[in-house]
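Participant: Sending over a structure as structure tokens; questions will come in a sec.
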Amino acid sequence: MFANILGTNVFYEVIGTGPAILFVHGLGGTGNVWHAQRQGLAKFFQVITMDLPGSGRSDKIEKKYSMERWADQVLGLADTLKLDKFTLVGHSMATILAQKAAAKAGVRLDALVLCGPLTELSPAGKEAFVKRAESVLKEGMLAVADVVLTGALSPATREANAALAGLYREMLLANDPASYSAQCQALINGSARSDQAGIKCPTLILLGDQDGVTPLSMARDIAGAIARCEIRVIPATAHLTMAERPELFNAALIEFLAGL
């Protein structure tokens, strides 16, 4: 399904009934990174997934992207679906825009869940993403796909579940290079530091024990800046925890929401 949000056609899917959870993917992904959550949680919740503008089936008409506009589009989708209350879940890059949306939404959010989160890129991280943006414009997604895949999945998963690795690689390669490069720039410019004190809803951080992209030290800093924030570590996973060990990810999410 599509909804026109702030002039952009945004693709989304809805399954299940119950309290609403809106899932937002990270850089290079689509709503399908949450497929295991869609299937596993729909018996308890209304599960909503979306493709961010510039990704998947959503429009790629914008020349520039920003965390602020994405946050407004996420909340705009919630308005379109008439969600009076909902839980917002973001992964990786989307945790920045999710924190911004949470600060704006106030009591409208039942909870915020940040998966592999960050506040902003470090100077070294910004330099790396400048190079990544340049590489995909010059050489296409093949120039970065395998590097991204290495950080996304643990070595054990890449070896034991090569099919998952291959499907995620295909998702990366399907990105429009110009849109992906522009999203890298949004990540370079993005920061949730000024938003964290304004987040009032219960917040859960989920991350993998082998996540080298957004390590535990980053999660601890975020937990210290957001009131009512707790951390859960998912074992035997790297950055793509929801896909590597979906049964543990889903159980941790259900346990958190059940305790609110």
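For the structure tokens, the naming scheme is as follows: chains receive sequential letters (A, B, ...) according to their order of presentation, residues are indexed from 1 within each chain, and ligands are indexed from 1 in presentation order.
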At a cut-off of 7 Å, using only C-alpha atoms, what residues contact segment 88-91 of chain A? Leave out same-chain residues fewer than 3 positions from it and give the result as number ranges by chain.
Facilitator: A: 21-26, 94-95, 98, 111-117
Participant: Using only C-alpha atoms, which residues sit within 12 Å of segment 226-235 of chain A once same-chain residues fewer than 4 positions away are excluded, as a VMD selection string?
Facilitator: chain A and resid 99 102 to 103 111 to 117 119 154 156 to 157 192 to 211 215 to 222 239 to 253 255 to 256 260
Participant: Using only C-alpha atoms, which protein or nucleic acid residues come within 9 Å of segment 27-35 of chain A? Drop anything in the same chain fewer than 6 positions from it, and give the result as a list in words.
Facilitator: Phe11, Tyr12, Glu13, Ile48, Thr49, Met50, Asp51, Leu52, Ser55, Gly56, Arg57, His91, Ser92, Met93, Ala94, Tyr168, Met171, Leu172, Leu173, Ala174, Asn175, Tyr180, Gln183, Cys184, Leu187, Leu240, Met242 and Ala243 of chain A
Participant: Could you please determine the separation between atom CA of Pro19 of chain A and atom CA of Ala258 of chain A in Å, to one decimal place?
Facilitator: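 Pair atom CA of Pro19 of chain A / atom CA of Ala258 of chain A returns 10.8 Å.
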Participant: Can you work out which one of A:Lys100, A:Met1, A:Asp146, A:Arg108 has the shortest atom-to-atom distance to Lys82 of chain A, counting only C-alpha atoms?
Facilitator: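 The shortest atom-to-atom distance to Lys82 of chain A comes from A:Arg108.
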Participant: Can you tell me which residues surround Glu134 of chain A at a distance of at most 9 Å, considering only C-alpha atoms, apart from same-chain residues fewer than 5 positions away, and format the answer as a short mmCIF file (atom, residue, chain, number, x, y, z; two decimals) with C-alpha atoms, in the first residue's frame?
Facilitator:
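Okay, result_9.cif is ready:
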```
data_model
loop_
_atom_site.label_atom_id
_atom_site.label_comp_id
_atom_site.auth_asym_id
_atom_site.auth_seq_id
_atom_site.Cartn_x
_atom_site.Cartn_y
_atom_site.Cartn_z
CA PHE A 129 30.49 7.57 4.90
CA GLU A 139 30.93 2.33 -9.03
CA SER A 181 24.45 8.20 -1.59
#
```
Participant: Which one of A:Arg38, A:Arg69, A:Lys104, A:Lys138 sits closest to Pro53 of chain A if you count only C-alpha atoms?
Facilitator: A:Arg69
Participant: Do you have the atom CA of Asn4 of chain A-atom CA of Ala36 of chain A distance handy?
Facilitator: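 Going from atom CA of Asn4 of chain A over to atom CA of Ala36 of chain A covers 26.5 Å.
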Participant: Would you mind reading off the distance between atom CA of Val144 of chain A and atom CA of Ala178 of chain A, one decimal, in Å?
Facilitator: 13.6 Å
Participant: When DSSP is applied to the backbone of this structure, which of segment 21-222 of chain A are assigned strand (DSSP E or B)? Write them out as JSON, numbers by chain.
Facilitator: {"A": [21, 22, 23, 24, 46, 47, 48, 49, 50, 86, 87, 88, 89, 90, 91, 109, 110, 111, 112, 113, 114, 115, 120, 191, 203, 204, 205, 206, 207, 208]}
Participant: Could the residues in this selection be written to a file with N, CA and C atoms, as a PDB file, in the first residue's frame?
Facilitator:
```
ATOM      1  N   ILE A  21       2.704  -1.370  16.388  1.00  0.00           N
ATOM      2  CA  ILE A  21       4.158  -1.201  16.372  1.00  0.00           C
ATOM      3  C   ILE A  21       4.557  -0.801  14.960  1.00  0.00           C
ATOM      4  N   LEU A  22       5.257   0.316  14.844  1.00  0.00           N
ATOM      5  CA  LEU A  22       5.727   0.805  13.550  1.00  0.00           C
ATOM      6  C   LEU A  22       7.242   0.601  13.469  1.00  0.00           C
ATOM      7  N   PHE A  23       7.686  -0.200  12.498  1.00  0.00           N
ATOM      8  CA  PHE A  23       9.091  -0.560  12.326  1.00  0.00           C
ATOM      9  C   PHE A  23       9.707   0.249  11.183  1.00  0.00           C
ATOM     10  N   VAL A  24      10.910   0.787  11.420  1.00  0.00           N
ATOM     11  CA  VAL A  24      11.608   1.580  10.407  1.00  0.00           C
ATOM     12  C   VAL A  24      13.015   1.000  10.205  1.00  0.00           C
ATOM     13  N   GLN A  46      -0.571  -5.129  16.001  1.00  0.00           N
ATOM     14  CA  GLN A  46      -0.697  -4.618  14.646  1.00  0.00           C
ATOM     15  C   GLN A  46       0.703  -4.191  14.211  1.00  0.00           C
ATOM     16  N   VAL A  47       1.270  -4.901  13.253  1.00  0.00           N
ATOM     17  CA  VAL A  47       2.645  -4.674  12.830  1.00  0.00           C
ATOM     18  C   VAL A  47       2.650  -3.861  11.537  1.00  0.00           C
ATOM     19  N   ILE A  48       3.337  -2.728  11.569  1.00  0.00           N
ATOM     20  CA  ILE A  48       3.417  -1.841  10.414  1.00  0.00           C
ATOM     21  C   ILE A  48       4.874  -1.707  10.012  1.00  0.00           C
ATOM     22  N   THR A  49       5.163  -1.982   8.754  1.00  0.00           N
ATOM     23  CA  THR A  49       6.499  -1.765   8.220  1.00  0.00           C
ATOM     24  C   THR A  49       6.406  -0.768   7.075  1.00  0.00           C
ATOM     25  N   MET A  50       7.490  -0.052   6.832  1.00  0.00           N
ATOM     26  CA  MET A  50       7.498   0.958   5.780  1.00  0.00           C
ATOM     27  C   MET A  50       8.853   0.965   5.088  1.00  0.00           C
ATOM     28  N   PHE A  86       1.214   4.287  19.724  1.00  0.00           N
ATOM     29  CA  PHE A  86       1.960   3.225  19.060  1.00  0.00           C
ATOM     30  C   PHE A  86       3.364   3.155  19.632  1.00  0.00           C
ATOM     31  N   THR A  87       4.019   2.027  19.345  1.00  0.00           N
ATOM     32  CA  THR A  87       5.434   1.846  19.654  1.00  0.00           C
ATOM     33  C   THR A  87       6.232   2.047  18.377  1.00  0.00           C
ATOM     34  N   LEU A  88       7.323   2.765  18.475  1.00  0.00           N
ATOM     35  CA  LEU A  88       8.181   3.033  17.324  1.00  0.00           C
ATOM     36  C   LEU A  88       9.486   2.259  17.478  1.00  0.00           C
ATOM     37  N   VAL A  89       9.847   1.499  16.432  1.00  0.00           N
ATOM     38  CA  VAL A  89      11.065   0.699  16.429  1.00  0.00           C
ATOM     39  C   VAL A  89      11.927   1.147  15.257  1.00  0.00           C
ATOM     40  N   GLY A  90      13.173   1.508  15.523  1.00  0.00           N
ATOM     41  CA  GLY A  90      14.092   1.898  14.467  1.00  0.00           C
ATOM     42  C   GLY A  90      15.363   1.082  14.534  1.00  0.00           C
ATOM     43  N   HIS A  91      15.982   0.894  13.383  1.00  0.00           N
ATOM     44  CA  HIS A  91      17.239   0.150  13.308  1.00  0.00           C
ATOM     45  C   HIS A  91      18.344   1.024  12.729  1.00  0.00           C
ATOM     46  N   LEU A 109       3.608   8.132  21.996  1.00  0.00           N
ATOM     47  CA  LEU A 109       4.344   6.875  21.906  1.00  0.00           C
ATOM     48  C   LEU A 109       4.163   6.055  23.177  1.00  0.00           C
ATOM     49  N   ASP A 110       3.779   4.798  22.993  1.00  0.00           N
ATOM     50  CA  ASP A 110       3.769   3.863  24.120  1.00  0.00           C
ATOM     51  C   ASP A 110       5.200   3.536  24.537  1.00  0.00           C
ATOM     52  N   ALA A 111       6.065   3.388  23.534  1.00  0.00           N
ATOM     53  CA  ALA A 111       7.452   3.020  23.807  1.00  0.00           C
ATOM     54  C   ALA A 111       8.293   3.302  22.573  1.00  0.00           C
ATOM     55  N   LEU A 112       9.598   3.348  22.783  1.00  0.00           N
ATOM     56  CA  LEU A 112      10.582   3.508  21.725  1.00  0.00           C
ATOM     57  C   LEU A 112      11.569   2.356  21.829  1.00  0.00           C
ATOM     58  N   VAL A 113      11.875   1.723  20.700  1.00  0.00           N
ATOM     59  CA  VAL A 113      12.839   0.621  20.677  1.00  0.00           C
ATOM     60  C   VAL A 113      13.909   0.978  19.657  1.00  0.00           C
ATOM     61  N   LEU A 114      15.160   1.001  20.107  1.00  0.00           N
ATOM     62  CA  LEU A 114      16.296   1.387  19.279  1.00  0.00           C
ATOM     63  C   LEU A 114      17.194   0.171  19.094  1.00  0.00           C
ATOM     64  N   CYS A 115      17.327  -0.283  17.856  1.00  0.00           N
ATOM     65  CA  CYS A 115      18.074  -1.496  17.553  1.00  0.00           C
ATOM     66  C   CYS A 115      19.388  -1.132  16.875  1.00  0.00           C
ATOM     67  N   GLU A 120      24.948   9.955  16.754  1.00  0.00           N
ATOM     68  CA  GLU A 120      25.479  10.625  15.569  1.00  0.00           C
ATOM     69  C   GLU A 120      26.763   9.915  15.188  1.00  0.00           C
ATOM     70  N   SER A 191      21.893  13.970  13.737  1.00  0.00           N
ATOM     71  CA  SER A 191      22.232  13.839  15.150  1.00  0.00           C
ATOM     72  C   SER A 191      20.959  13.858  15.976  1.00  0.00           C
ATOM     73  N   THR A 203      11.991   3.293  26.949  1.00  0.00           N
ATOM     74  CA  THR A 203      12.844   3.037  25.793  1.00  0.00           C
ATOM     75  C   THR A 203      13.674   1.782  26.024  1.00  0.00           C
ATOM     76  N   LEU A 204      13.739   0.961  24.980  1.00  0.00           N
ATOM     77  CA  LEU A 204      14.540  -0.260  25.018  1.00  0.00           C
ATOM     78  C   LEU A 204      15.593  -0.188  23.918  1.00  0.00           C
ATOM     79  N   ILE A 205      16.833  -0.498  24.281  1.00  0.00           N
ATOM     80  CA  ILE A 205      17.908  -0.646  23.304  1.00  0.00           C
ATOM     81  C   ILE A 205      18.185  -2.136  23.135  1.00  0.00           C
ATOM     82  N   LEU A 206      18.142  -2.601  21.890  1.00  0.00           N
ATOM     83  CA  LEU A 206      18.491  -3.978  21.560  1.00  0.00           C
ATOM     84  C   LEU A 206      19.714  -3.960  20.653  1.00  0.00           C
ATOM     85  N   LEU A 207      20.739  -4.734  21.003  1.00  0.00           N
ATOM     86  CA  LEU A 207      21.909  -4.791  20.141  1.00  0.00           C
ATOM     87  C   LEU A 207      22.569  -6.143  20.254  1.00  0.00           C
ATOM     88  N   GLY A 208      23.355  -6.471  19.230  1.00  0.00           N
ATOM     89  CA  GLY A 208      24.030  -7.749  19.206  1.00  0.00           C
ATOM     90  C   GLY A 208      25.321  -7.737  20.001  1.00  0.00           C
TER      91      GLY A 208
END
```
Participant: Excluding Glu62 of chain A and its own-chain neighbours fewer than 3 positions away, which residues fall within 10 Å of it when counting only C-alpha atoms? Please give them as a compact mmCIF listing (two decimals) with N, CA and C atoms, in the first residue's frame.
Facilitator:
```
# COMPACT_ATOMS: atom_id res chain seq x y z
N GLY A 7 4.12 14.90 0.31
CA GLY A 7 4.40 14.95 -1.12
C GLY A 7 5.16 13.77 -1.66
N THR A 8 5.45 12.77 -0.84
CA THR A 8 6.20 11.59 -1.26
C THR A 8 5.34 10.35 -1.07
N PRO A 53 11.35 6.94 2.37
CA PRO A 53 11.56 7.62 1.09
C PRO A 53 13.01 7.51 0.65
N GLY A 54 13.20 7.09 -0.61
CA GLY A 54 14.53 6.83 -1.12
C GLY A 54 14.92 5.37 -1.08
N ASP A 59 8.95 6.38 -3.11
CA ASP A 59 9.48 7.31 -4.10
C ASP A 59 10.95 7.61 -3.86
N TYR A 65 17.93 14.10 1.58
CA TYR A 65 17.16 13.52 2.68
C TYR A 65 17.70 14.08 3.98
N SER A 179 20.18 7.54 -4.65
CA SER A 179 19.39 7.67 -3.43
C SER A 179 20.18 7.20 -2.22
N ALA A 182 22.66 9.81 -1.26
CA ALA A 182 22.00 10.94 -0.59
C ALA A 182 21.62 10.57 0.84
```
Participant: According to DSSP computed on the backbone, where in segment 18-257 of chain A is there alpha helix (DSSP H)? Give the residues as a ChimeraX atom specification.
Facilitator: /A:35-41,67-80,93-105,123-139,145-152,155-160,162-173,177-189,216-225,241-244,246-257
Participant: Can you list, as number ranges by chain, every protein, DNA or RNA residue that comes within 8 Å of Leu121 of chain A when you count only C-alpha atoms, leaving out same-chain residues fewer than 2 positions away?
Facilitator: A: 118-119, 123-126, 187-188, 190-191
Participant: I need the residues from that last selection saved to file as a compact mmCIF listing (two decimals), in the first residue's frame (with N, CA, C and O atoms), if you can.
Facilitator:
```txt
# COMPACT_ATOMS: atom_id res chain seq x y z
N LEU A 118 22.53 4.66 17.40
CA LEU A 118 23.58 5.67 17.48
C LEU A 118 22.95 7.04 17.69
O LEU A 118 21.77 7.26 17.38
N THR A 119 23.74 7.95 18.25
CA THR A 119 23.33 9.34 18.43
C THR A 119 23.71 10.15 17.20
O THR A 119 22.91 10.92 16.67
N PRO A 123 33.63 11.68 13.99
CA PRO A 123 34.35 12.26 12.85
C PRO A 123 34.91 11.21 11.90
O PRO A 123 34.82 11.37 10.67
N ALA A 124 35.45 10.12 12.44
CA ALA A 124 35.95 9.04 11.58
C ALA A 124 34.82 8.38 10.82
O ALA A 124 34.97 8.01 9.64
N GLY A 125 33.67 8.22 11.48
CA GLY A 125 32.52 7.64 10.82
C GLY A 125 32.01 8.51 9.69
O GLY A 125 31.64 8.02 8.61
N LYS A 126 32.00 9.82 9.91
CA LYS A 126 31.57 10.73 8.85
C LYS A 126 32.50 10.64 7.65
O LYS A 126 32.05 10.62 6.50
N LEU A 187 22.78 10.71 6.91
CA LEU A 187 23.38 10.10 8.10
C LEU A 187 24.57 10.92 8.59
O LEU A 187 24.74 11.13 9.79
N ILE A 188 25.38 11.39 7.67
CA ILE A 188 26.53 12.23 8.03
C ILE A 188 26.07 13.49 8.77
O ILE A 188 26.67 13.90 9.77
N GLY A 190 23.16 13.89 10.34
CA GLY A 190 22.14 13.63 11.37
C GLY A 190 22.70 13.54 12.78
O GLY A 190 23.82 13.07 13.00
N SER A 191 21.89 13.97 13.74
CA SER A 191 22.23 13.84 15.15
C SER A 191 20.96 13.86 15.98
O SER A 191 20.04 14.63 15.70
```
